[in-house]
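See below for the structure under consideration.
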There are 2 protein chains.
Amino acid sequence: MRIAELSERSGVPVPTIKYYLREGLLPPGESIRANQARYDERHLQRLRLVRVLIDVGRLPVAAIRDLFADLDRPDPDLHHALGRALKSAPAGGPEPPATGDVATAELEVDDLLRRRGWLVSEEAPARRRVAEVIAALRRLDNAKQVEMIDEYAAAVERIAELDLQLVQAADPETVVYRAVVGTILGDALLAGLRRLAQESVSDRLFHDRTDSSD
Amino acid sequence: MRIAELSERSGVPVPTIKYYLREGLLPPGESIRANQARYDERHLQRLRLVRVLIDVGRLPVAAIRDLFADLDRPDPDLHHALGRALKSAPAGGPEPPATGDVATAELEVDDLLRRRGWLVSEEAPARRRVAEVIAALRRLDNAKQVEMIDEYAAAVERIAELDLQLVQAADPETVVYRAVVGTILGDALLAGLRRLAQESVSDRLFHDRTDSSD
């Protein structure tokens, strides 16, 4: 197909496609004339992945280029590629500098990982992220929640298993696509389900005894 | 204590405390002179709750006033107060207008709630929120995740039970405080733990077979 059709079918404007080509996010088409190239289904698939990585995963262009270098190797290391794809998609905003209580909390995260037998790389941004939340919970007098972190982690492990079930048995490109969509939109899905479940549990606990406020 | 000490102990500036008093978010102190009042530990506790509702829960002033009207009744209905406290703290940004596929997804959310026996009010914003994510997952070709929603919901129900364990056995004001902090910061905690768990599960599934890319 010509670039106009690639644009039509992907919903991505032609100038944006040209930008991706220049940046190396999309491999060049097959040259058929001086100023014309032909594209195929592979380009369409890659283009969809680029859009999801940018729009949903919020990955910078350089990170996407590195990710594709990984994926396009003859033997792509999926574990490594997934790590790359999700690294720039932290749960929150940019990282503030570490302070004393966050550093302490990082050691607690290490202990938690050991207790659960989770193998997690030293540089995983989520380590720091979890440590920051732990420190914030203490500052806001919610230390009880930190004490229950093992139980939360056990419940979350089940969720991660479901997440990975979703991405298995697919080609590497689809694995990365699904992992990014599933993780980022999955956070919103889980947050929404959590509120619904909370309302239901709260109803069970509090509703039918409004006349006895503990 | 005088207003200066209340400010000192709470970390809230005096002009802000005066604003809360004018807005009825903080009950007046005991008048001891024409232009002076005395405050006690109850004021300090209430002030902390106001700050968390504003800073963490992002509740508008009017919503906080309504919440306190509920809490200050002789027989506070905790289920109702919790609903109020968490209503204005949705998982995402402002609500876009409903479209066809979101309306369809809302019916699916109703079915899910029925299947799980969750009692959730018609107006719970999370209903809509979950429906939006379901529609977005379909648009992004991640329908498989939607098919697994019952399994996700089961894992999340366990999390909601832990959440509610945290807030029980406390006075109503503390219940609301902990619920807001625990729910909002809890989202970030769970998102972080989920990434750590994913890395660990991905390592198990993909890492030791990098030479056979499915």
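Just so we're on the same page: first chain in the structure tokens is A, next is B, and so on; residues restart at 1 for each chain, and ligands are numbered from 1 in the order they show up.
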Can you tell me which residues surround Val181 of chain A at a distance of at most 12 Å, considering only C-alpha atoms, apart from same-chain residues fewer than 6 positions away, and format the answer as a PDB file with all heavy atoms, in the first residue's frame?
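And here's part.pdb as it stands now:
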```pdb
ATOM      1  N   ARG A  48       0.678   0.747  14.720  1.00  0.00           N
ATOM      2  CA  ARG A  48      -0.265   0.651  15.847  1.00  0.00           C
ATOM      3  C   ARG A  48       0.496   0.547  17.157  1.00  0.00           C
ATOM      4  O   ARG A  48       0.115   1.150  18.166  1.00  0.00           O
ATOM      5  CB  ARG A  48      -1.168  -0.572  15.691  1.00  0.00           C
ATOM      6  CG  ARG A  48      -2.292  -0.375  14.674  1.00  0.00           C
ATOM      7  CD  ARG A  48      -3.151  -1.630  14.606  1.00  0.00           C
ATOM      8  NE  ARG A  48      -3.565  -2.070  15.926  1.00  0.00           N
ATOM      9  CZ  ARG A  48      -3.501  -3.325  16.378  1.00  0.00           C
ATOM     10  NH1 ARG A  48      -3.032  -4.283  15.610  1.00  0.00           N
ATOM     11  NH2 ARG A  48      -3.906  -3.616  17.586  1.00  0.00           N
ATOM     12  N   LEU A  49       1.579  -0.234  17.143  1.00  0.00           N
ATOM     13  CA  LEU A  49       2.372  -0.385  18.362  1.00  0.00           C
ATOM     14  C   LEU A  49       3.021   0.947  18.748  1.00  0.00           C
ATOM     15  O   LEU A  49       3.029   1.331  19.928  1.00  0.00           O
ATOM     16  CB  LEU A  49       3.420  -1.484  18.160  1.00  0.00           C
ATOM     17  CG  LEU A  49       4.315  -1.814  19.353  1.00  0.00           C
ATOM     18  CD1 LEU A  49       3.497  -2.147  20.592  1.00  0.00           C
ATOM     19  CD2 LEU A  49       5.250  -2.979  19.033  1.00  0.00           C
ATOM     20  N   VAL A  50       3.550   1.678  17.752  1.00  0.00           N
ATOM     21  CA  VAL A  50       4.157   2.986  18.035  1.00  0.00           C
ATOM     22  C   VAL A  50       3.140   3.906  18.710  1.00  0.00           C
ATOM     23  O   VAL A  50       3.427   4.561  19.713  1.00  0.00           O
ATOM     24  CB  VAL A  50       4.681   3.651  16.735  1.00  0.00           C
ATOM     25  CG1 VAL A  50       5.090   5.099  16.985  1.00  0.00           C
ATOM     26  CG2 VAL A  50       5.864   2.867  16.173  1.00  0.00           C
ATOM     27  N   ARG A  51       1.916   3.913  18.182  1.00  0.00           N
ATOM     28  CA  ARG A  51       0.887   4.795  18.744  1.00  0.00           C
ATOM     29  C   ARG A  51       0.570   4.440  20.183  1.00  0.00           C
ATOM     30  O   ARG A  51       0.405   5.312  21.033  1.00  0.00           O
ATOM     31  CB  ARG A  51      -0.401   4.711  17.898  1.00  0.00           C
ATOM     32  CG  ARG A  51      -0.236   5.295  16.516  1.00  0.00           C
ATOM     33  CD  ARG A  51       0.163   6.723  16.589  1.00  0.00           C
ATOM     34  NE  ARG A  51      -0.984   7.605  16.791  1.00  0.00           N
ATOM     35  CZ  ARG A  51      -0.940   8.913  16.646  1.00  0.00           C
ATOM     36  NH1 ARG A  51       0.193   9.518  16.335  1.00  0.00           N
ATOM     37  NH2 ARG A  51      -2.009   9.633  16.829  1.00  0.00           N
ATOM     38  N   VAL A  52       0.453   3.151  20.460  1.00  0.00           N
ATOM     39  CA  VAL A  52       0.123   2.736  21.833  1.00  0.00           C
ATOM     40  C   VAL A  52       1.279   3.062  22.778  1.00  0.00           C
ATOM     41  O   VAL A  52       1.074   3.517  23.905  1.00  0.00           O
ATOM     42  CB  VAL A  52      -0.232   1.234  21.871  1.00  0.00           C
ATOM     43  CG1 VAL A  52      -0.002   0.652  23.255  1.00  0.00           C
ATOM     44  CG2 VAL A  52      -1.686   1.044  21.479  1.00  0.00           C
ATOM     45  N   LEU A  53       2.514   2.863  22.303  1.00  0.00           N
ATOM     46  CA  LEU A  53       3.662   3.145  23.163  1.00  0.00           C
ATOM     47  C   LEU A  53       3.723   4.633  23.496  1.00  0.00           C
ATOM     48  O   LEU A  53       4.058   5.027  24.612  1.00  0.00           O
ATOM     49  CB  LEU A  53       4.963   2.698  22.486  1.00  0.00           C
ATOM     50  CG  LEU A  53       5.132   1.176  22.342  1.00  0.00           C
ATOM     51  CD1 LEU A  53       6.315   0.850  21.442  1.00  0.00           C
ATOM     52  CD2 LEU A  53       5.305   0.503  23.702  1.00  0.00           C
ATOM     53  N   ILE A  54       3.358   5.485  22.517  1.00  0.00           N
ATOM     54  CA  ILE A  54       3.397   6.931  22.747  1.00  0.00           C
ATOM     55  C   ILE A  54       2.167   7.400  23.530  1.00  0.00           C
ATOM     56  O   ILE A  54       2.282   8.073  24.550  1.00  0.00           O
ATOM     57  CB  ILE A  54       3.499   7.694  21.403  1.00  0.00           C
ATOM     58  CG1 ILE A  54       4.885   7.449  20.780  1.00  0.00           C
ATOM     59  CG2 ILE A  54       3.250   9.186  21.600  1.00  0.00           C
ATOM     60  CD1 ILE A  54       5.071   8.074  19.408  1.00  0.00           C
ATOM     61  N   ASP A  55       0.978   7.009  23.063  1.00  0.00           N
ATOM     62  CA  ASP A  55      -0.256   7.565  23.643  1.00  0.00           C
ATOM     63  C   ASP A  55      -0.611   6.935  24.984  1.00  0.00           C
ATOM     64  O   ASP A  55      -1.061   7.615  25.896  1.00  0.00           O
ATOM     65  CB  ASP A  55      -1.447   7.347  22.691  1.00  0.00           C
ATOM     66  CG  ASP A  55      -1.295   8.130  21.404  1.00  0.00           C
ATOM     67  OD1 ASP A  55      -0.441   9.034  21.369  1.00  0.00           O
ATOM     68  OD2 ASP A  55      -2.029   7.846  20.443  1.00  0.00           O
ATOM     69  N   VAL A  56      -0.442   5.630  25.093  1.00  0.00           N
ATOM     70  CA  VAL A  56      -0.845   4.940  26.318  1.00  0.00           C
ATOM     71  C   VAL A  56       0.351   4.771  27.249  1.00  0.00           C
ATOM     72  O   VAL A  56       0.283   5.067  28.432  1.00  0.00           O
ATOM     73  CB  VAL A  56      -1.478   3.570  25.988  1.00  0.00           C
ATOM     74  CG1 VAL A  56      -1.876   2.848  27.274  1.00  0.00           C
ATOM     75  CG2 VAL A  56      -2.693   3.736  25.087  1.00  0.00           C
ATOM     76  N   GLY A  57       1.482   4.308  26.696  1.00  0.00           N
ATOM     77  CA  GLY A  57       2.646   4.036  27.532  1.00  0.00           C
ATOM     78  C   GLY A  57       3.473   5.262  27.846  1.00  0.00           C
ATOM     79  O   GLY A  57       4.307   5.234  28.732  1.00  0.00           O
ATOM     80  N   ARG A  58       3.231   6.380  27.087  1.00  0.00           N
ATOM     81  CA  ARG A  58       3.987   7.629  27.316  1.00  0.00           C
ATOM     82  C   ARG A  58       5.497   7.426  27.191  1.00  0.00           C
ATOM     83  O   ARG A  58       6.277   8.048  27.914  1.00  0.00           O
ATOM     84  CB  ARG A  58       3.682   8.220  28.702  1.00  0.00           C
ATOM     85  CG  ARG A  58       2.241   8.503  28.966  1.00  0.00           C
ATOM     86  CD  ARG A  58       1.804   9.796  28.291  1.00  0.00           C
ATOM     87  NE  ARG A  58       0.354   9.872  28.169  1.00  0.00           N
ATOM     88  CZ  ARG A  58      -0.462  10.403  29.085  1.00  0.00           C
ATOM     89  NH1 ARG A  58       0.053  10.941  30.156  1.00  0.00           N
ATOM     90  NH2 ARG A  58      -1.760  10.404  28.916  1.00  0.00           N
ATOM     91  N   LEU A  82       9.905  -6.382  27.606  1.00  0.00           N
ATOM     92  CA  LEU A  82       8.770  -5.969  28.439  1.00  0.00           C
ATOM     93  C   LEU A  82       9.220  -4.968  29.505  1.00  0.00           C
ATOM     94  O   LEU A  82       8.532  -3.996  29.786  1.00  0.00           O
ATOM     95  CB  LEU A  82       8.143  -7.181  29.128  1.00  0.00           C
ATOM     96  CG  LEU A  82       7.198  -8.030  28.287  1.00  0.00           C
ATOM     97  CD1 LEU A  82       6.674  -9.192  29.124  1.00  0.00           C
ATOM     98  CD2 LEU A  82       6.039  -7.191  27.768  1.00  0.00           C
ATOM     99  N   ALA A  85       9.569  -1.677  27.862  1.00  0.00           N
ATOM    100  CA  ALA A  85       8.285  -1.087  27.471  1.00  0.00           C
ATOM    101  C   ALA A  85       7.556  -0.501  28.677  1.00  0.00           C
ATOM    102  O   ALA A  85       6.835   0.486  28.557  1.00  0.00           O
ATOM    103  CB  ALA A  85       7.409  -2.137  26.790  1.00  0.00           C
ATOM    104  N   LEU A  86       7.746  -1.110  29.841  1.00  0.00           N
ATOM    105  CA  LEU A  86       6.991  -0.659  31.009  1.00  0.00           C
ATOM    106  C   LEU A  86       7.810   0.246  31.919  1.00  0.00           C
ATOM    107  O   LEU A  86       7.273   0.837  32.852  1.00  0.00           O
ATOM    108  CB  LEU A  86       6.477  -1.868  31.795  1.00  0.00           C
ATOM    109  CG  LEU A  86       5.457  -2.697  30.998  1.00  0.00           C
ATOM    110  CD1 LEU A  86       5.114  -3.979  31.715  1.00  0.00           C
ATOM    111  CD2 LEU A  86       4.193  -1.881  30.733  1.00  0.00           C
ATOM    112  N   ALA A  89       6.811   3.852  31.995  1.00  0.00           N
ATOM    113  CA  ALA A  89       5.394   4.047  32.269  1.00  0.00           C
ATOM    114  C   ALA A  89       5.129   3.842  33.748  1.00  0.00           C
ATOM    115  O   ALA A  89       4.437   2.935  34.141  1.00  0.00           O
ATOM    116  CB  ALA A  89       4.568   3.051  31.444  1.00  0.00           C
ATOM    117  N   ASP A 163      -2.270 -10.852  34.327  1.00  0.00           N
ATOM    118  CA  ASP A 163      -1.685  -9.953  33.336  1.00  0.00           C
ATOM    119  C   ASP A 163      -0.813 -10.720  32.349  1.00  0.00           C
ATOM    120  O   ASP A 163      -0.880 -10.514  31.144  1.00  0.00           O
ATOM    121  CB  ASP A 163      -0.802  -8.895  34.015  1.00  0.00           C
ATOM    122  CG  ASP A 163      -1.614  -7.892  34.828  1.00  0.00           C
ATOM    123  OD1 ASP A 163      -2.803  -7.713  34.523  1.00  0.00           O
ATOM    124  OD2 ASP A 163      -1.045  -7.294  35.760  1.00  0.00           O
ATOM    125  N   LEU A 166      -2.430 -12.975  29.821  1.00  0.00           N
ATOM    126  CA  LEU A 166      -2.992 -12.212  28.695  1.00  0.00           C
ATOM    127  C   LEU A 166      -2.012 -12.054  27.550  1.00  0.00           C
ATOM    128  O   LEU A 166      -2.407 -11.953  26.400  1.00  0.00           O
ATOM    129  CB  LEU A 166      -3.352 -10.805  29.171  1.00  0.00           C
ATOM    130  CG  LEU A 166      -4.735 -10.629  29.737  1.00  0.00           C
ATOM    131  CD1 LEU A 166      -4.870  -9.243  30.320  1.00  0.00           C
ATOM    132  CD2 LEU A 166      -5.749 -10.842  28.631  1.00  0.00           C
ATOM    133  N   VAL A 167      -0.727 -11.947  27.873  1.00  0.00           N
ATOM    134  CA  VAL A 167       0.231 -11.612  26.828  1.00  0.00           C
ATOM    135  C   VAL A 167       0.928 -12.840  26.252  1.00  0.00           C
ATOM    136  O   VAL A 167       1.635 -12.738  25.253  1.00  0.00           O
ATOM    137  CB  VAL A 167       1.296 -10.603  27.326  1.00  0.00           C
ATOM    138  CG1 VAL A 167       0.626  -9.379  27.933  1.00  0.00           C
ATOM    139  CG2 VAL A 167       2.252 -11.237  28.308  1.00  0.00           C
ATOM    140  N   THR A 174       3.184  -8.351  19.576  1.00  0.00           N
ATOM    141  CA  THR A 174       1.869  -8.361  20.209  1.00  0.00           C
ATOM    142  C   THR A 174       1.995  -8.458  21.728  1.00  0.00           C
ATOM    143  O   THR A 174       1.216  -7.846  22.462  1.00  0.00           O
ATOM    144  CB  THR A 174       1.040  -9.550  19.656  1.00  0.00           C
ATOM    145  OG1 THR A 174       1.003  -9.445  18.235  1.00  0.00           O
ATOM    146  CG2 THR A 174      -0.382  -9.511  20.179  1.00  0.00           C
ATOM    147  N   VAL A 175       2.988  -9.215  22.189  1.00  0.00           N
ATOM    148  CA  VAL A 175       3.216  -9.309  23.633  1.00  0.00           C
ATOM    149  C   VAL A 175       3.447  -7.916  24.212  1.00  0.00           C
ATOM    150  O   VAL A 175       2.842  -7.516  25.209  1.00  0.00           O
ATOM    151  CB  VAL A 175       4.430 -10.219  23.948  1.00  0.00           C
ATOM    152  CG1 VAL A 175       4.853 -10.073  25.408  1.00  0.00           C
ATOM    153  CG2 VAL A 175       4.095 -11.678  23.651  1.00  0.00           C
ATOM    154  N   ASP A 187      -4.327  -0.456  35.277  1.00  0.00           N
ATOM    155  CA  ASP A 187      -4.312   0.308  36.534  1.00  0.00           C
ATOM    156  C   ASP A 187      -5.656   0.993  36.759  1.00  0.00           C
ATOM    157  O   ASP A 187      -6.195   0.984  37.866  1.00  0.00           O
ATOM    158  CB  ASP A 187      -3.219   1.392  36.492  1.00  0.00           C
ATOM    159  CG  ASP A 187      -1.839   0.848  36.818  1.00  0.00           C
ATOM    160  OD1 ASP A 187      -1.747  -0.271  37.344  1.00  0.00           O
ATOM    161  OD2 ASP A 187      -0.850   1.557  36.548  1.00  0.00           O
ATOM    162  N   ALA A 188      -6.180   1.604  35.699  1.00  0.00           N
ATOM    163  CA  ALA A 188      -7.467   2.304  35.822  1.00  0.00           C
ATOM    164  C   ALA A 188      -8.599   1.311  36.051  1.00  0.00           C
ATOM    165  O   ALA A 188      -9.512   1.561  36.844  1.00  0.00           O
ATOM    166  CB  ALA A 188      -7.726   3.139  34.563  1.00  0.00           C
ATOM    167  N   LEU A 189      -8.526   0.172  35.373  1.00  0.00           N
ATOM    168  CA  LEU A 189      -9.541  -0.866  35.550  1.00  0.00           C
ATOM    169  C   LEU A 189      -9.560  -1.360  37.000  1.00  0.00           C
ATOM    170  O   LEU A 189     -10.606  -1.455  37.636  1.00  0.00           O
ATOM    171  CB  LEU A 189      -9.254  -2.040  34.603  1.00  0.00           C
ATOM    172  CG  LEU A 189     -10.265  -3.189  34.614  1.00  0.00           C
ATOM    173  CD1 LEU A 189     -11.557  -2.767  33.939  1.00  0.00           C
ATOM    174  CD2 LEU A 189      -9.709  -4.430  33.905  1.00  0.00           C
TER     175      LEU A 189
ATOM    176  N   VAL B 133     -13.090   2.151  30.791  1.00  0.00           N
ATOM    177  CA  VAL B 133     -11.859   1.385  30.564  1.00  0.00           C
ATOM    178  C   VAL B 133     -12.165   0.158  29.693  1.00  0.00           C
ATOM    179  O   VAL B 133     -11.400  -0.166  28.779  1.00  0.00           O
ATOM    180  CB  VAL B 133     -11.207   0.961  31.897  1.00  0.00           C
ATOM    181  CG1 VAL B 133      -9.936   0.181  31.624  1.00  0.00           C
ATOM    182  CG2 VAL B 133     -10.890   2.166  32.754  1.00  0.00           C
ATOM    183  N   ILE B 134     -13.290  -0.506  29.954  1.00  0.00           N
ATOM    184  CA  ILE B 134     -13.671  -1.665  29.133  1.00  0.00           C
ATOM    185  C   ILE B 134     -13.785  -1.251  27.667  1.00  0.00           C
ATOM    186  O   ILE B 134     -13.249  -1.916  26.770  1.00  0.00           O
ATOM    187  CB  ILE B 134     -15.012  -2.257  29.632  1.00  0.00           C
ATOM    188  CG1 ILE B 134     -14.800  -2.970  30.982  1.00  0.00           C
ATOM    189  CG2 ILE B 134     -15.614  -3.213  28.610  1.00  0.00           C
ATOM    190  CD1 ILE B 134     -16.072  -3.517  31.597  1.00  0.00           C
ATOM    191  N   ALA B 136     -12.397   1.309  26.191  1.00  0.00           N
ATOM    192  CA  ALA B 136     -11.069   1.672  25.677  1.00  0.00           C
ATOM    193  C   ALA B 136     -10.246   0.418  25.376  1.00  0.00           C
ATOM    194  O   ALA B 136      -9.536   0.350  24.368  1.00  0.00           O
ATOM    195  CB  ALA B 136     -10.344   2.558  26.686  1.00  0.00           C
ATOM    196  N   LEU B 137     -10.342  -0.593  26.244  1.00  0.00           N
ATOM    197  CA  LEU B 137      -9.600  -1.839  26.006  1.00  0.00           C
ATOM    198  C   LEU B 137     -10.062  -2.481  24.704  1.00  0.00           C
ATOM    199  O   LEU B 137      -9.246  -3.003  23.933  1.00  0.00           O
ATOM    200  CB  LEU B 137      -9.803  -2.816  27.172  1.00  0.00           C
ATOM    201  CG  LEU B 137      -9.020  -2.505  28.455  1.00  0.00           C
ATOM    202  CD1 LEU B 137      -9.481  -3.393  29.605  1.00  0.00           C
ATOM    203  CD2 LEU B 137      -7.519  -2.689  28.230  1.00  0.00           C
ATOM    204  N   ARG B 138     -11.362  -2.438  24.427  1.00  0.00           N
ATOM    205  CA  ARG B 138     -11.863  -3.000  23.170  1.00  0.00           C
ATOM    206  C   ARG B 138     -11.341  -2.208  21.978  1.00  0.00           C
ATOM    207  O   ARG B 138     -10.892  -2.775  20.993  1.00  0.00           O
ATOM    208  CB  ARG B 138     -13.396  -2.967  23.155  1.00  0.00           C
ATOM    209  CG  ARG B 138     -14.022  -3.949  24.102  1.00  0.00           C
ATOM    210  CD  ARG B 138     -15.032  -4.855  23.383  1.00  0.00           C
ATOM    211  NE  ARG B 138     -15.464  -5.901  24.299  1.00  0.00           N
ATOM    212  CZ  ARG B 138     -16.365  -5.704  25.278  1.00  0.00           C
ATOM    213  NH1 ARG B 138     -16.963  -4.522  25.410  1.00  0.00           N
ATOM    214  NH2 ARG B 138     -16.672  -6.692  26.090  1.00  0.00           N
ATOM    215  N   ARG B 139     -11.401  -0.882  22.090  1.00  0.00           N
ATOM    216  CA  ARG B 139     -10.933  -0.031  20.989  1.00  0.00           C
ATOM    217  C   ARG B 139      -9.454  -0.297  20.703  1.00  0.00           C
ATOM    218  O   ARG B 139      -9.013  -0.235  19.572  1.00  0.00           O
ATOM    219  CB  ARG B 139     -11.150   1.448  21.336  1.00  0.00           C
ATOM    220  CG  ARG B 139     -12.482   2.001  20.811  1.00  0.00           C
ATOM    221  CD  ARG B 139     -12.637   3.479  21.154  1.00  0.00           C
ATOM    222  NE  ARG B 139     -13.608   3.679  22.207  1.00  0.00           N
ATOM    223  CZ  ARG B 139     -13.414   4.349  23.344  1.00  0.00           C
ATOM    224  NH1 ARG B 139     -12.227   4.897  23.575  1.00  0.00           N
ATOM    225  NH2 ARG B 139     -14.362   4.468  24.233  1.00  0.00           N
ATOM    226  N   LEU B 140      -8.697  -0.598  21.764  1.00  0.00           N
ATOM    227  CA  LEU B 140      -7.264  -0.839  21.593  1.00  0.00           C
ATOM    228  C   LEU B 140      -6.967  -2.325  21.394  1.00  0.00           C
ATOM    229  O   LEU B 140      -5.831  -2.768  21.602  1.00  0.00           O
ATOM    230  CB  LEU B 140      -6.497  -0.295  22.799  1.00  0.00           C
ATOM    231  CG  LEU B 140      -6.417   1.233  22.878  1.00  0.00           C
ATOM    232  CD1 LEU B 140      -5.895   1.678  24.227  1.00  0.00           C
ATOM    233  CD2 LEU B 140      -5.501   1.768  21.776  1.00  0.00           C
ATOM    234  N   ASP B 141      -7.988  -3.092  20.999  1.00  0.00           N
ATOM    235  CA  ASP B 141      -7.767  -4.519  20.697  1.00  0.00           C
ATOM    236  C   ASP B 141      -7.255  -5.314  21.867  1.00  0.00           C
ATOM    237  O   ASP B 141      -6.410  -6.195  21.692  1.00  0.00           O
ATOM    238  CB  ASP B 141      -6.739  -4.668  19.545  1.00  0.00           C
ATOM    239  CG  ASP B 141      -7.420  -4.515  18.217  1.00  0.00           C
ATOM    240  OD1 ASP B 141      -8.535  -5.021  18.066  1.00  0.00           O
ATOM    241  OD2 ASP B 141      -6.838  -3.862  17.336  1.00  0.00           O
ATOM    242  N   ASN B 142      -7.694  -4.983  23.078  1.00  0.00           N
ATOM    243  CA  ASN B 142      -7.292  -5.794  24.221  1.00  0.00           C
ATOM    244  C   ASN B 142      -8.515  -6.459  24.858  1.00  0.00           C
ATOM    245  O   ASN B 142      -8.626  -6.561  26.074  1.00  0.00           O
ATOM    246  CB  ASN B 142      -6.535  -4.955  25.259  1.00  0.00           C
ATOM    247  CG  ASN B 142      -5.168  -5.531  25.554  1.00  0.00           C
ATOM    248  OD1 ASN B 142      -4.562  -6.134  24.662  1.00  0.00           O
ATOM    249  ND2 ASN B 142      -4.684  -5.386  26.771  1.00  0.00           N
ATOM    250  N   ALA B 143      -9.430  -6.933  23.998  1.00  0.00           N
ATOM    251  CA  ALA B 143     -10.696  -7.500  24.468  1.00  0.00           C
ATOM    252  C   ALA B 143     -10.463  -8.694  25.388  1.00  0.00           C
ATOM    253  O   ALA B 143     -11.273  -8.984  26.267  1.00  0.00           O
ATOM    254  CB  ALA B 143     -11.571  -7.896  23.282  1.00  0.00           C
ATOM    255  N   LYS B 144      -9.320  -9.374  25.201  1.00  0.00           N
ATOM    256  CA  LYS B 144      -9.034 -10.544  26.028  1.00  0.00           C
ATOM    257  C   LYS B 144      -9.006 -10.177  27.519  1.00  0.00           C
ATOM    258  O   LYS B 144      -9.411 -10.964  28.364  1.00  0.00           O
ATOM    259  CB  LYS B 144      -7.658 -11.113  25.628  1.00  0.00           C
ATOM    260  CG  LYS B 144      -7.676 -12.605  25.305  1.00  0.00           C
ATOM    261  CD  LYS B 144      -6.285 -13.101  24.969  1.00  0.00           C
ATOM    262  CE  LYS B 144      -5.906 -14.310  25.806  1.00  0.00           C
ATOM    263  NZ  LYS B 144      -4.497 -14.711  25.628  1.00  0.00           N
ATOM    264  N   GLN B 145      -8.525  -8.966  27.791  1.00  0.00           N
ATOM    265  CA  GLN B 145      -8.480  -8.528  29.192  1.00  0.00           C
ATOM    266  C   GLN B 145      -9.902  -8.356  29.744  1.00  0.00           C
ATOM    267  O   GLN B 145     -10.161  -8.651  30.902  1.00  0.00           O
ATOM    268  CB  GLN B 145      -7.714  -7.201  29.293  1.00  0.00           C
ATOM    269  CG  GLN B 145      -7.227  -6.901  30.704  1.00  0.00           C
ATOM    270  CD  GLN B 145      -6.189  -5.794  30.735  1.00  0.00           C
ATOM    271  OE1 GLN B 145      -6.062  -5.017  29.794  1.00  0.00           O
ATOM    272  NE2 GLN B 145      -5.439  -5.709  31.820  1.00  0.00           N
TER     273      GLN B 145
END
```
For chain B, report every residue with an atom at most 7 Å from chain A (counting only C-alpha atoms), formatted as a ChimeraX atom specification. /B:75-79,91,118-120,126,129-130,133,142,144-145,152-153,155-161,164,166,169-171,178,185,187-203,206-207,210-211,213-214
Pull the alpha helix (DSSP H) assignments for segment 5-190 of chain A out of DSSP run on the backbone, and list those residues as an MDAnalysis selection string. chainID A and resid 5:10 14:22 41:55 61:71 78:87 100:116 125:139 143:147 149:167 172:190
Report as a PyMOL selection string all protein, DNA and RNA residues lying within 10 Å of Ala62 of chain B, evaluated on only C-alpha atoms, omitting residues in the same chain fewer than 6 positions from it. chain B and resi 23-25
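Near Pro27 of chain B, within 12 Å and counting only C-alpha atoms, sit Ile17, Lys18, Tyr19, Tyr20, Leu21, Arg22, Glu23, Ser31, Ala37, Arg38, Tyr39, Asp40, Arg42, His43, Leu44, Gln45, Arg46, Leu47, Val50, Arg65, Phe68, Ala69 and Asp72 of chain B; same-chain residues fewer than 4 positions away were not included.
Atom CA of Asp101 of chain A sits 25.6 Å away from atom CA of Leu6 of chain B.
Counting from atom CA of Asp70 of chain B, the distance to atom CA of Val14 of chain B is 26.4 Å.
Atom CA of Ala103 of chain A to atom CA of Ala135 of chain A spans 8.9 Å [interatomic distance, one decimal].
Proximity to Glu173 of chain B was assessed for B:Arg115, B:Pro15, B:Ala81, B:Leu26 counting only C-alpha atoms; the smallest distance is recorded for B:Ala81.
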